[in-house]
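Single-structure report; data block below.
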Number of protein chains: 2
Amino acid sequence: MELNKPTLYTCFSPALLDLYTVNDAVVVIIDVLRATSTITTALYNGAKCVIPVDSVARCIELGKQIDGITAGERDGKIAEGLSYGNSPFEYPREFVQGKTLVLTTTNGTKLLHMALERGAKEIITGSFPNLSAVCDYLVEKKLPVILGCAAWKDRVNMEDMLFAGAVINRIKENFSINCDSSQVAETMYQTAIDDLFGFMQQKGASHYHRLMGFGLEKDIRYCLEADGANVLPLYQEGKLIVY
Amino acid sequence: MELNKPTLYTCFSPALLDLYTVNDAVVVIIDVLRATSTITTALYNGAKCVIPVDSVARCIELGKQIDGITAGERDGKIAEGLSYGNSPFEYPREFVQGKTLVLTTTNGTKLLHMALERGAKEIITGSFPNLSAVCDYLVEKKLPVILGCAAWKDRVNMEDMLFAGAVINRIKENFSINCDSSQVAETMYQTAIDDLFGFMQQKGASHYHRLMGFGLEKDIRYCLEADGANVLPLYQEGKLIVY
């Protein structure tokens, strides 16, 4: 009954988003290193919500208004004027519980706002730490799916593709997939499955090297591990909350 | 001496071309199924030149002016008003020798014109039938390289990626490569290397199915075979000629 299954597409870059119909779809925002890993971690650890904003100025302004934690990065480092960065390890339960995180990042929050502007039916965020939650949700909803890779300044990256591949690998039987990008993502994931960290290292993934240069191996390892913070961030009325 | 090597990037879609600097680079136009396979085949079989044009109307007009063969497709079929299509088998030596082909296609000729407009230093075309000629040229020139996948209406496709991967697999030691797309392309090629046709079939590549639906298995098999028409099409003054 292939025809009755909802479609699933993978979009490798925000610059390609306009090729896909988002109005009837769940758009999964994927920014594995590190925005969407951090979002699910903060929510898993009890944050009230995460408010994604598209500029540092807006982050500071809103943070003041609502007494939220201002957080975010530009080019992989804490952005000037913000209090915290984009590492999941900055948001343990004892710090983040009950609080609101206002977050801006180079790629992930940008893609989220693009999906929003284009009228996505639903927006959720995906990362290895919440892989199972994402897969369960997509199977449950039975809606068309766009796996949206945040990429790096519009350039395709390996880690977001690997996560898209992991999702496809788990739930492909539930969807009709006629999309080379999805086939590529799943093939890459199958090749890397035994050791994602080692694969990224061996292949010289650009963002792997960028973060390793900042001494963030611990972050990378955490962000490539499945189900460490397994909740589903769902976007509603300007906020990411736990579904 | 990594720093002294020229850079190499892979661009998966015309919609991503603006992310890359083409002014100092050789841009390799890749449209494996079938434009660039057909171009190298026509030239290998003695065509005087191939003139890529971006519309059917321009193809008809120019074909009349210069008494050329009007050829091209839209959506995988011979375009209305043109005499020939986009199959390499339409251009055997006894037909094409000494003649000029005026060609328009859905993706490949479009990307070529984009690269031209953006001021690419050099433009060549690549496909499995001229894999070795492309690799030899790139190594010889020692210029930065952009492997430009024509894709399918801006959507990433598998076959152009596989060809980019084949090139990278052969010449990577000569270039400095910090580009996840290139790593992905090479990984895909390494996975598929033993049987490209079988891989495309097994993975359900979308263009594979499109052409199989038109009864073009023979075309696909030819277009995935290395060095069947091993010349180098170089763009000069509006024409693709043999280098």
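Letters A, B, ... mark the chains of the structure tokens in the order given; residue numbers begin at 1 per chain; ligand numbers begin at 1, in order shown.
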Tell me the residues of chain A close to chain B, meaning within 8 Å using only C-alpha atoms, as a ChimeraX atom specification.
/A:15-16,19,154-158,178-181,183-184,187-188,203-206
Every residue of segment 70-162 of chain A that DSSP places in strand (DSSP E), as number ranges by chain
A: 70-74, 77-78, 100-104, 122-126, 145-149
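Residue neighbourhood of Pro129 of chain A, excluding near-sequence residues (fewer than 5 positions): Ser37, Thr40, Thr41, Tyr222, Cys223, Leu224, Glu225, Ala226, Asp227, Gly228, Ala229 and Asn230 of chain A, at 8 Å, using only C-alpha atoms.
Straight-line separation from atom CA of Ala35 of chain A to atom CA of Ser87 of chain A: 8.0 Å.
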Polymer residues at most 9 Å from Arg34 of chain B, only C-alpha atoms, same-chain spacing of 4 or more positions, as a PyMOL selection string:
chain B and resi 38-39+76+86-88+105+108+127+219-220+223
Requested write-out: N, CA and C atoms of the selected residues, as an mmCIF file, in the first residue's frame:
data_model
loop_
_atom_site.group_PDB
_atom_site.id
_atom_site.type_symbol
_atom_site.label_atom_id
_atom_site.label_comp_id
_atom_site.auth_asym_id
_atom_site.auth_seq_id
_atom_site.Cartn_x
_atom_site.Cartn_y
_atom_site.Cartn_z
ATOM 1 N N THR B 38 26.398 12.291 -23.143
ATOM 2 C CA THR B 38 26.089 12.457 -24.565
ATOM 3 C C THR B 38 27.059 13.442 -25.220
ATOM 4 N N ILE B 39 27.400 14.503 -24.506
ATOM 5 C CA ILE B 39 28.340 15.499 -25.043
ATOM 6 C C ILE B 39 29.694 14.858 -25.345
ATOM 7 N N GLY B 76 13.325 14.296 -19.580
ATOM 8 C CA GLY B 76 13.770 12.975 -19.996
ATOM 9 C C GLY B 76 13.327 12.541 -21.384
ATOM 10 N N ASN B 86 18.545 13.090 -26.124
ATOM 11 C CA ASN B 86 19.670 13.224 -25.223
ATOM 12 C C ASN B 86 20.294 11.874 -24.930
ATOM 13 N N SER B 87 20.181 10.938 -25.920
ATOM 14 C CA SER B 87 20.791 9.625 -25.719
ATOM 15 C C SER B 87 22.132 9.574 -26.425
ATOM 16 N N PRO B 88 23.175 9.083 -25.741
ATOM 17 C CA PRO B 88 24.473 8.960 -26.416
ATOM 18 C C PRO B 88 24.402 8.059 -27.652
ATOM 19 N N THR B 105 19.220 20.807 -22.401
ATOM 20 C CA THR B 105 18.740 19.743 -21.510
ATOM 21 C C THR B 105 18.163 20.358 -20.237
ATOM 22 N N GLY B 108 21.798 19.866 -17.101
ATOM 23 C CA GLY B 108 23.220 20.054 -17.363
ATOM 24 C C GLY B 108 23.538 21.362 -18.062
ATOM 25 N N SER B 127 31.707 13.006 -17.030
ATOM 26 C CA SER B 127 30.767 11.879 -16.983
ATOM 27 C C SER B 127 31.608 10.613 -16.948
ATOM 28 N N ASP B 219 21.041 2.936 -22.061
ATOM 29 C CA ASP B 219 21.635 4.255 -21.815
ATOM 30 C C ASP B 219 22.260 4.330 -20.430
ATOM 31 N N ILE B 220 21.511 3.878 -19.431
ATOM 32 C CA ILE B 220 22.018 3.973 -18.061
ATOM 33 C C ILE B 220 23.308 3.180 -17.922
ATOM 34 N N CYS B 223 26.143 4.971 -19.519
ATOM 35 C CA CYS B 223 26.495 6.214 -18.806
ATOM 36 C C CYS B 223 27.189 5.959 -17.470
#
Spatial neighbours of segment 119-121 of chain B, 7 Å, only C-alpha atoms, chain gap at least 4 places, as a PyMOL selection string:
chain B and resi 22-27+115
Would you write out those residues with C-alpha atoms, as a compact mmCIF listing (two decimals), in the first residue's frame?
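Output file again.txt follows:
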# COMPACT_ATOMS: atom_id res chain seq x y z
CA VAL B 22 34.22 29.87 -9.34
CA ASN B 23 36.32 32.73 -10.69
CA ASP B 24 39.66 31.01 -10.16
CA ALA B 25 38.38 27.49 -10.66
CA VAL B 26 37.78 24.79 -13.21
CA VAL B 27 34.07 24.00 -12.93
CA ALA B 115 28.82 28.72 -14.12
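Taking atom CA of Pro6 of chain A and atom CA of Ser176 of chain A as endpoints, the distance between them is 5.9 Å.
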